[in-house]
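Visitor: For reference, the file target_1.cif (mmCIF, C-alpha atoms) is included below:
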data_upload
loop_
_atom_site.label_atom_id
_atom_site.label_comp_id
_atom_site.auth_asym_id
_atom_site.auth_seq_id
_atom_site.Cartn_x
_atom_site.Cartn_y
_atom_site.Cartn_z
CA MET A 1 134.38 112.10 57.93
CA HIS A 2 137.46 112.79 55.82
CA ALA A 3 138.10 115.69 53.43
CA GLY A 4 141.10 114.51 51.46
CA PRO A 5 144.72 114.24 52.58
CA GLY A 6 145.59 115.18 56.14
CA ARG A 7 143.72 114.68 59.33
CA PRO A 8 140.05 113.73 59.33
CA ILE A 9 137.55 116.46 60.16
CA GLN A 10 136.28 115.86 63.67
CA GLY A 11 133.81 118.70 64.25
CA ALA A 12 131.29 117.89 66.99
CA GLU A 13 133.23 114.74 67.95
CA LEU A 14 135.80 117.01 69.61
CA VAL A 15 133.23 117.62 72.37
CA GLU A 16 133.57 113.99 73.45
CA LYS A 17 137.22 114.63 74.38
CA VAL A 18 136.27 117.47 76.74
CA GLN A 19 136.34 116.40 80.39
CA GLU A 20 135.02 119.63 81.95
CA GLY A 21 131.32 120.32 82.41
CA SER A 22 128.34 118.07 82.88
CA GLN A 23 127.20 115.45 80.39
CA GLU A 24 124.14 117.63 79.64
CA ALA A 25 126.30 120.67 78.84
CA ARG A 26 128.57 118.62 76.55
CA GLN A 27 125.49 117.17 74.78
CA ARG A 28 124.11 120.68 74.20
CA LEU A 29 127.45 121.85 72.81
CA LYS A 30 127.67 118.88 70.47
CA VAL A 31 124.15 119.46 69.14
CA ILE A 32 124.87 123.18 68.62
CA PHE A 33 127.97 122.27 66.59
CA GLN A 34 125.97 119.76 64.57
CA THR A 35 123.31 122.35 63.73
CA LEU A 36 126.00 124.85 62.72
CA ALA A 37 127.58 122.17 60.49
CA GLY A 38 124.21 121.34 58.93
CA VAL A 39 124.06 117.80 60.34
CA PHE A 40 120.85 118.55 62.25
CA SER A 41 118.08 121.04 61.64
CA VAL A 42 116.95 123.27 64.50
CA GLU A 43 113.81 121.13 64.84
CA GLN A 44 115.90 117.95 65.17
CA ALA A 45 118.16 119.66 67.71
CA CYS A 46 115.11 120.73 69.74
CA GLN A 47 113.84 117.14 69.80
CA ILE A 48 117.22 115.77 70.89
CA LEU A 49 117.62 118.36 73.66
CA GLN A 50 113.90 118.31 74.54
CA ILE A 51 113.58 122.10 74.44
CA ASN A 52 111.49 124.45 72.33
CA ARG A 53 112.81 126.44 69.38
CA SER A 54 113.11 129.79 71.21
CA ALA A 55 115.09 128.15 74.05
CA PHE A 56 117.43 126.54 71.52
CA ASN A 57 117.94 129.80 69.63
CA LYS A 58 118.68 131.61 72.90
CA LEU A 59 121.13 128.87 73.95
CA ARG A 60 122.91 128.94 70.57
CA SER A 61 123.09 132.76 70.58
CA GLN A 62 124.58 132.79 74.09
CA PHE A 63 127.13 130.16 73.06
CA ILE A 64 128.21 132.14 70.00
CA ALA A 65 128.40 135.42 71.96
CA ASN A 66 130.55 133.78 74.66
CA ALA A 67 132.76 132.16 72.03
CA VAL A 68 133.32 135.50 70.31
CA GLN A 69 134.17 137.14 73.66
CA LEU A 70 136.63 134.35 74.43
CA LEU A 71 138.38 134.84 71.08
CA GLU A 72 138.86 138.60 71.39
CA PRO A 73 142.52 139.55 70.92
CA LYS A 74 144.38 140.26 74.12
CA THR A 75 147.64 142.02 74.83
CA PRO A 76 150.54 139.57 74.83
CA GLY A 77 152.36 138.63 78.01
CA ARG A 78 151.35 138.47 81.61
CA LYS A 79 149.14 141.08 83.15
CA LYS A 80 151.00 143.47 85.40
CA LYS A 81 150.37 142.85 89.06
CA VAL A 82 148.75 145.86 90.64
CA VAL A 83 149.89 146.27 94.22
CA THR A 84 147.19 147.78 96.41
CA PRO A 85 147.95 150.05 99.37
CA GLN A 86 146.61 147.32 101.65
CA GLU A 87 149.10 144.81 100.22
CA ILE A 88 151.95 147.29 100.78
CA GLU A 89 150.82 147.81 104.37
CA ASN A 90 150.54 144.04 104.91
CA GLN A 91 154.10 143.56 103.63
CA GLN A 92 155.40 146.33 105.90
CA LEU A 93 153.62 144.78 108.88
CA ARG A 94 155.06 141.34 108.07
CA GLU A 95 158.57 142.83 107.90
CA GLU A 96 158.09 144.70 111.19
CA ASN A 97 156.74 141.52 112.79
CA GLU A 98 159.85 139.59 111.69
CA ARG A 99 162.13 142.36 113.02
CA LEU A 100 160.34 142.41 116.37
CA LYS A 101 160.51 138.61 116.66
CA PHE A 102 164.25 138.82 116.00
CA GLU A 103 164.70 141.53 118.64
CA LEU A 104 162.62 139.56 121.16
CA ARG A 105 164.70 136.43 120.61
CA ALA A 106 167.91 138.45 120.97
CA GLN A 107 166.68 139.89 124.31
CA GLN A 108 165.70 136.41 125.52
CA LEU A 109 169.20 135.16 124.70
CA ARG A 110 170.77 138.09 126.57
CA GLU A 111 168.64 137.23 129.63
CA GLU A 112 169.62 133.55 129.42
CA ILE A 113 173.29 134.51 129.21
CA GLY A 114 172.81 136.76 132.25
CA ILE A 115 171.30 133.88 134.23
CA LEU A 116 173.86 131.30 133.16
CA MET A 117 176.90 133.61 133.33
CA PRO A 118 176.17 136.31 135.94
CA HIS A 119 179.91 136.94 136.40
CA LEU A 120 179.86 138.71 133.05
CA LEU A 121 177.52 141.35 134.43
CA LYS A 122 177.97 143.88 137.23
CA VAL A 123 175.28 146.00 138.84
CA ASP A 124 175.66 149.77 138.84
CA PRO A 125 174.20 151.98 141.60
CA ALA A 126 171.01 152.49 139.58
CA GLY A 127 170.43 148.73 139.67
CA ALA A 128 170.93 148.11 135.96
CA ALA A 129 173.20 145.31 134.88
CA LYS A 130 176.20 146.24 132.77
CA LYS A 131 178.61 144.08 130.90
CA VAL A 132 182.05 143.87 132.47
CA SER A 133 184.76 144.23 129.88
CA ASN A 134 187.95 142.20 130.07
CA ARG A 135 189.94 145.45 130.29
CA ASN A 136 188.18 146.44 133.55
CA LYS A 137 188.81 142.99 135.03
CA VAL A 138 192.52 143.23 134.33
CA SER A 139 192.83 146.79 135.68
CA ASN A 140 190.87 145.90 138.85
CA ARG A 141 193.23 142.97 139.56
CA ASN A 142 196.28 145.20 139.36
CA LYS A 143 194.93 147.70 141.93
CA PRO A 144 196.31 147.35 145.49
#
What is this file in structure tokens?
Guide:
Amino acid sequence: MHAGPGRPIQGAELVEKVQEGSQEARQRLKVIFQTLAGVFSVEQACQILQINRSAFNKLRSQFIANAVQLLEPKTPGRKKKVVTPQEIENQQLREENERLKFELRAQQLREEIGILMPHLLKVDPAGAAKKVSNRNKVSNRNKP
């Protein structure tokens, strides 16, 4: 079909380009378009789809209502992301978890250093290991 200069009018043929949905759904859509364009009468559409008139009218009404809802104007731009209290708590817990993992790894490294280089540590009377500074080593060597 062609209506003068420009692109040809496609109408219901556009449905054939749609990949989504079942073949039955695309057939129903095409027949609805063809009845709206006056290509088929409601009776012919009912015969093609093998449904009665009231079922066809209901189907067509639902299609039109959904189409109108889809075409309602919307505010431009992306919707703002609403952060729930649970999401905030989850983020805080993830951050705390990362901090604790870091602290655990740091403590493990300190223990490994203590095992591999015990000369860097000295034990105080309470039994806790303390780091020996280079200054103390030098001053202890100079004592008689």
Visitor: Determine, counting all atoms listed in the file, which protein, DNA and RNA residues have an atom within 12 Å of an atom of segment 35-39 of chain A; residues of the same chain fewer than 2 positions away are not included. Present the result as a ChimeraX atom specification.
Guide: /A:9-13,28-33,41-46,48,56-57,60-61,63-64
Visitor: Atom CA of Leu71 of chain A and atom CA of Val18 of chain A, how far apart in Å?
Guide: 18.4 Å
Visitor: Between atom CA of Glu24 of chain A and atom CA of Leu49 of chain A, measure the distance and give it in Å to one decimal.
Guide: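 Atom CA of Leu49 of chain A lies 8.9 Å from atom CA of Glu24 of chain A.
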Visitor: What gap, in Å, lies between atom CA of Gln50 of chain A and atom CA of Ala25 of chain A?
Guide: 13.3 Å
